>>> print(open('data-v6.txt').read())   # compact mmCIF, C-alpha atoms and all ligand atoms
# COMPACT_ATOMS: atom_id res chain seq x y z
CA MET E 222 106.19 70.46 122.95
CA THR E 223 109.22 70.52 120.69
CA ALA E 224 109.49 72.08 117.25
CA GLU E 225 109.71 68.53 115.89
CA ALA E 226 106.35 67.68 117.44
CA TRP E 227 104.79 70.84 115.95
CA PHE E 228 106.19 69.87 112.56
CA GLU E 229 104.92 66.30 112.77
CA THR E 230 101.51 67.43 114.01
CA GLU E 231 101.19 69.82 111.10
CA GLU E 232 102.21 67.05 108.68
CA PHE E 233 99.58 64.78 110.24
CA LEU E 234 96.83 67.40 110.00
CA SER E 235 97.79 68.38 106.45
CA GLY E 236 97.73 64.73 105.46
CA LEU E 237 94.14 64.47 106.60
CA LEU E 238 92.80 67.89 105.61
CA CYS E 239 94.81 69.05 102.58
CA PRO E 240 94.37 66.50 99.79
CA PRO E 241 97.19 66.39 97.20
CA ASP E 242 96.71 69.08 94.57
CA PRO E 243 98.83 69.00 91.40
CA ASP E 244 98.63 72.77 90.87
CA LEU E 245 99.90 73.53 94.37
CA ALA E 246 102.56 70.83 94.13
CA ARG E 247 103.71 72.23 90.78
CA ALA E 248 103.96 75.75 92.17
CA LEU E 249 106.20 74.55 95.01
CA HIS E 250 108.31 72.43 92.66
CA VAL E 251 108.84 75.30 90.20
CA SER E 252 109.66 77.62 93.09
CA GLU E 253 112.29 75.21 94.39
CA GLN E 254 113.77 74.65 90.92
CA ALA E 255 114.09 78.41 90.47
CA ASP E 256 115.79 78.73 93.87
CA LEU E 257 113.14 81.07 95.23
CA PRO E 258 113.18 81.37 99.04
CA ALA E 259 110.97 78.74 100.71
CA ILE E 260 108.96 81.38 102.59
CA ASN E 261 105.54 80.46 101.23
CA ILE E 262 102.81 79.61 103.71
CA SER E 263 102.47 75.93 104.62
CA PRO E 264 99.69 73.73 103.20
CA LEU E 265 97.70 73.91 106.43
CA GLN E 266 98.06 77.70 106.49
CA GLY E 267 96.95 77.78 102.85
CA LYS E 268 93.85 75.87 103.88
CA GLN E 269 93.29 78.20 106.85
CA VAL E 270 93.47 81.35 104.72
CA SER E 271 91.36 79.94 101.89
CA PHE E 272 88.86 78.67 104.46
CA LEU E 273 88.43 82.21 105.79
CA ALA E 274 88.01 83.55 102.24
CA LYS E 275 85.30 80.95 101.61
CA MET E 276 83.57 81.84 104.88
CA VAL E 277 83.17 85.45 103.76
CA GLY E 278 82.07 84.29 100.29
CA ALA E 279 84.91 86.26 98.73
CA ARG E 280 84.35 87.16 95.08
CA ARG E 281 87.15 89.71 94.94
CA ILE E 282 90.50 89.00 96.60
CA LEU E 283 93.63 91.13 96.92
CA GLU E 284 96.98 89.67 97.93
CA VAL E 285 100.23 91.48 98.76
CA GLY E 286 103.29 89.23 98.30
CA SER E 287 102.90 86.63 95.52
CA LEU E 288 106.29 84.88 95.62
CA ALA E 289 105.66 81.84 93.33
CA GLY E 290 101.87 82.08 93.54
CA TYR E 291 101.39 79.31 96.10
CA SER E 292 99.06 81.18 98.48
CA ALA E 293 97.49 82.91 95.45
CA LEU E 294 96.53 79.48 94.09
CA TRP E 295 94.99 78.42 97.40
CA LEU E 296 92.90 81.60 97.29
CA ALA E 297 92.12 81.45 93.56
CA LYS E 298 90.65 78.00 94.07
CA THR E 299 88.00 79.50 96.40
CA LEU E 300 86.82 82.05 93.82
CA PRO E 301 83.51 81.64 92.04
CA GLN E 302 83.60 81.54 88.22
CA ASP E 303 82.95 85.30 88.01
CA GLY E 304 85.40 86.12 90.82
CA CYS E 305 88.73 87.85 90.48
CA MET E 306 91.97 88.32 92.31
CA VAL E 307 94.88 90.73 92.17
CA THR E 308 98.23 89.68 93.64
CA ILE E 309 101.02 92.24 94.00
CA GLU E 310 104.71 91.40 93.79
CA ASN E 311 107.74 93.68 93.47
CA ASN E 312 110.33 91.07 92.46
CA PRO E 313 110.20 90.61 88.65
CA LEU E 314 111.37 86.96 88.79
CA HIS E 315 108.85 86.08 91.48
CA ALA E 316 106.09 87.81 89.51
CA VAL E 317 106.90 85.88 86.30
CA ILE E 318 106.98 82.56 88.14
CA ALA E 319 103.75 83.34 89.99
CA ALA E 320 102.01 84.28 86.73
CA ASP E 321 103.29 81.09 85.09
CA ASN E 322 102.06 78.90 87.97
CA ILE E 323 98.69 80.63 87.92
CA LYS E 324 98.42 80.16 84.14
CA ALA E 325 99.44 76.50 84.37
CA ALA E 326 96.63 75.95 86.88
CA GLY E 327 94.12 77.65 84.54
CA PHE E 328 93.38 80.68 86.72
CA ASP E 329 94.92 83.39 84.54
CA ASP E 330 91.41 84.47 83.49
CA ARG E 331 90.69 85.41 87.12
CA VAL E 332 94.02 86.26 88.70
CA GLU E 333 96.16 89.24 87.75
CA VAL E 334 99.76 89.46 88.97
CA ARG E 335 100.69 93.12 89.31
CA LEU E 336 104.42 93.80 89.27
CA GLY E 337 105.42 96.70 91.47
CA ASN E 338 105.90 98.07 94.92
CA ALA E 339 102.85 97.22 97.03
CA SER E 340 102.40 100.72 98.50
CA GLU E 341 102.34 102.21 94.99
CA GLN E 342 100.15 99.49 93.53
CA LEU E 343 97.63 99.80 96.37
CA ALA E 344 97.57 103.59 95.90
CA LEU E 345 96.91 103.03 92.18
CA LEU E 346 94.00 100.69 92.96
CA VAL E 347 92.57 103.33 95.30
CA ALA E 348 92.97 105.99 92.56
CA GLU E 349 91.33 103.64 90.03
CA LYS E 350 88.29 103.51 92.37
CA VAL E 351 88.00 99.76 91.85
CA GLU E 352 85.09 97.80 93.30
CA PRO E 353 85.80 96.93 96.97
CA PHE E 354 87.62 93.68 97.70
CA ASP E 355 86.01 91.11 100.01
CA PHE E 356 89.21 89.49 101.25
CA PHE E 357 92.85 90.56 101.59
CA PHE E 358 95.93 88.49 102.34
CA ILE E 359 98.97 90.57 103.31
CA ASP E 360 102.22 88.59 103.30
CA ALA E 361 105.13 90.79 102.21
CA ASP E 362 107.37 93.33 104.00
CA GLU E 363 105.84 93.63 107.45
CA HIS E 364 107.34 97.01 108.26
CA ASN E 365 104.88 98.49 105.73
CA ASN E 366 101.82 96.72 107.14
CA VAL E 367 100.32 99.88 108.64
CA THR E 368 100.41 101.55 105.20
CA TYR E 369 98.89 98.41 103.65
CA PHE E 370 96.19 98.38 106.33
CA GLU E 371 95.26 102.01 105.57
CA SER E 372 95.04 101.25 101.84
CA CYS E 373 93.02 98.10 102.46
CA LEU E 374 90.53 100.14 104.49
CA GLN E 375 89.98 102.31 101.43
CA LEU E 376 89.62 99.27 99.19
CA SER E 377 87.17 97.39 101.41
CA ARG E 378 83.49 97.39 102.42
CA PRO E 379 81.74 96.48 105.70
CA GLY E 380 82.22 92.74 106.12
CA SER E 381 85.53 92.56 104.23
CA VAL E 382 88.31 90.67 105.99
CA ILE E 383 92.05 91.48 105.95
CA VAL E 384 94.51 88.78 107.03
CA PHE E 385 98.12 89.67 107.93
CA ASP E 386 100.65 86.85 108.19
CA ASN E 387 103.59 86.63 110.62
CA VAL E 388 102.26 88.82 113.41
CA VAL E 389 103.57 86.75 116.34
CA ARG E 390 107.16 85.93 115.35
CA SER E 391 107.92 83.42 118.14
CA GLY E 392 106.30 85.74 120.67
CA GLU E 393 108.61 88.66 119.78
CA VAL E 394 105.42 90.70 119.26
CA ARG E 395 105.05 91.10 123.05
CA ASN E 396 108.53 92.65 123.35
CA LEU E 397 107.67 96.35 123.47
CA GLY E 398 111.35 97.32 123.55
CA THR E 399 112.22 95.43 120.36
CA SER E 400 114.49 97.07 117.82
CA ASN E 401 113.05 94.91 115.03
CA GLY E 402 111.25 97.32 112.68
CA ALA E 403 108.90 94.66 111.33
CA VAL E 404 107.77 93.67 114.82
CA ARG E 405 107.36 97.31 115.84
CA ALA E 406 105.14 97.83 112.79
CA THR E 407 103.07 94.82 113.82
CA GLN E 408 102.72 96.24 117.33
CA ARG E 409 101.52 99.55 115.85
CA LEU E 410 99.08 97.67 113.59
CA LEU E 411 97.68 95.72 116.55
CA GLU E 412 97.27 98.96 118.53
CA LEU E 413 95.43 100.56 115.62
CA VAL E 414 93.13 97.57 115.17
CA GLY E 415 92.49 97.18 118.91
CA GLY E 416 91.75 100.88 119.32
CA SER E 417 89.47 101.29 116.31
CA ASP E 418 85.70 101.07 116.34
CA ARG E 419 85.72 100.77 112.55
CA VAL E 420 87.28 97.30 112.61
CA ASP E 421 87.43 94.23 114.81
CA GLY E 422 90.40 91.88 114.92
CA VAL E 423 91.73 88.65 116.30
CA VAL E 424 95.03 86.79 116.13
CA PHE E 425 95.17 83.08 115.40
CA GLN E 426 98.44 81.83 116.87
CA THR E 427 100.01 78.98 114.92
CA VAL E 428 102.72 76.44 115.59
CA GLY E 429 104.09 74.11 112.96
CA LYS E 430 106.51 74.04 110.05
CA ARG E 431 107.01 77.79 110.30
CA GLY E 432 107.65 77.69 114.06
CA HIS E 433 105.52 79.78 116.44
CA ASP E 434 103.72 82.56 114.62
CA GLY E 435 100.23 83.83 113.92
CA MET E 436 97.83 85.56 111.58
CA LEU E 437 95.87 88.71 112.38
CA ALA E 438 92.37 88.68 110.89
CA VAL E 439 90.62 92.06 110.75
CA ARG E 440 86.95 92.47 109.89
CA ILE E 441 85.62 95.80 108.66
CA CYS E 442 82.54 96.76 110.72
C1 LIG F 1 106.59 85.72 102.24
S1 LIG F 1 106.71 85.95 100.54
C2 LIG F 1 105.05 85.67 99.99
C3 LIG F 1 104.65 84.23 100.08
C4 LIG F 1 103.33 83.92 99.42
N1 LIG F 1 102.27 84.73 99.97
C5 LIG F 1 103.01 82.46 99.62
O1 LIG F 1 102.67 82.10 100.77
O2 LIG F 1 103.07 81.69 98.65
C6 LIG F 1 106.80 87.69 100.38
C7 LIG F 1 106.82 88.21 98.96
O3 LIG F 1 106.55 89.61 99.03
C8 LIG F 1 107.37 90.26 98.09
N2 LIG F 1 107.52 91.66 98.55
C9 LIG F 1 108.31 92.10 99.57
N3 LIG F 1 108.20 93.42 99.69
C10 LIG F 1 107.32 93.83 98.75
C11 LIG F 1 106.79 95.10 98.39
N4 LIG F 1 107.14 96.22 99.01
N5 LIG F 1 105.91 95.15 97.36
C12 LIG F 1 105.52 94.02 96.72
N6 LIG F 1 106.00 92.80 97.03
C13 LIG F 1 106.88 92.70 98.02
C14 LIG F 1 108.67 89.45 98.09
O4 LIG F 1 109.40 89.64 96.90
C15 LIG F 1 108.16 88.03 98.26
O5 LIG F 1 107.97 87.41 97.01
>>> encode(input="data-v6.txt", output="structure tokens")
Amino acid sequence: MTAEAWFETEEFLSGLLCPPDPDLARALHVSEQADLPAINISPLQGKQVSFLAKMVGARRILEVGSLAGYSALWLAKTLPQDGCMVTIENNPLHAVIAADNIKAAGFDDRVEVRLGNASEQLALLVAEKVEPFDFFFIDADEHNNVTYFESCLQLSRPGSVIVFDNVVRSGEVRNLGTSNGAVRATQRLLELVGGSDRVDGVVFQTVGKRGHDGMLAVRIC
């Protein structure tokens, strides 16, 4: 199959399974107008991640990497009325735009955008001894994913699920001699998950608008 066929197949599936949503469309439009990088997850991936959050009945969600709030909105829409979400972003412009998109969609009562470096913000949440989160979506600087994983373990409970985006990278993940630091971090993360009896994990490979990639879903035992 060609990349064009992947793209068209994803468009077809999104057309059937991801009904138009003005809040999500607005977030993408604002992001484009502000010249933010178009590195948000695709609509079908948004549905996949929010579907997983719904399956675990997530009431408390933590995201790393807000960008313009697109994936945050997908996730916020799965929250019950008394649910809450924290999304962490270190770029001040991205954080302002994400907060604005979240407010415009009416979720600012449930979703907090925390501006700052994710490692520091996660450490703060651990120090604050916050109630465990049910679902995590990690979509920022992959070379720090092992640190994020360790923090998420401290912020979770048995049954919580952590999803890491971009763990396949066109199959580069199987290249054990890679000099790419992000891929090496993913390899280390996969080794940790595979070798742990505290967690269980699986990778969902994806093809589509974002090429060949995948998400690692980790469940705390
Ligand atoms: C791939 S984008 C997130 C896309 C978003 N999850 C979506 O699908 O709509 C990654 C974001 O993570 C942010 N980021 C990168 N490194 C970070 C760090 N160390 N701490 C917090 N945010 C970071 C970037 O500024 C960027 O906005």
>>> closest_residue(input="data-v6.txt", among="E:Cys305, E:Val334, E:Met276, E:Leu237", to="ligand LIG 1 (chain F)", atoms="only C-alpha atoms and all ligand atoms")
E:Val334
>>> residues_near_ligand(input="data-v6.txt", ligand="ligand LIG 1 (chain F)", cutoff="6 Å", atoms="all atoms listed in the file", output="VMD selection string")
chain E and resid 260 to 262 286 to 292 309 to 312 315 337 to 339 360 to 362
>>> closest_residue(input="data-v6.txt", among="E:Leu343, E:Cys442, E:Leu410, E:Leu265", to="Leu238 in chain E", atoms="only C-alpha atoms")
E:Leu265
>>> closest_residue(input="data-v6.txt", among="E:Val251, E:Ile441, E:Val414, E:Leu273", to="Gln375 in chain E", atoms="all atoms listed in the file")
E:Ile441
>>> residues_around(input="data-v6.txt", residues="Ile323 in chain E", least_positions_apart="5", cutoff="9 Å", atoms="all atoms listed in the file", output="CSV table (one decimal) with C-alpha atoms, keeping the file's coordinate frame")
chain,number,residue,atom,x,y,z
E,244,ASP,CA,98.6,72.8,90.9
E,248,ALA,CA,104.0,75.8,92.2
E,289,ALA,CA,105.7,81.8,93.3
E,290,GLY,CA,101.9,82.1,93.5
E,291,TYR,CA,101.4,79.3,96.1
E,293,ALA,CA,97.5,82.9,95.4
E,294,LEU,CA,96.5,79.5,94.1
E,297,ALA,CA,92.1,81.4,93.6
E,318,ILE,CA,107.0,82.6,88.1
E,328,PHE,CA,93.4,80.7,86.7
E,329,ASP,CA,94.9,83.4,84.5
E,332,VAL,CA,94.0,86.3,88.7
E,333,GLU,CA,96.2,89.2,87.8
E,334,VAL,CA,99.8,89.5,89.0
>>> residues_around(input="data-v6.txt", residues="Glu393 in chain E", least_positions_apart="4", cutoff="10 Å", atoms="only C-alpha atoms", output="list in words")
Val388, Val389, Leu397, Gly398, Thr399, Asn401, Val404, Arg405, Gln408, His433 and Asp434 of chain E
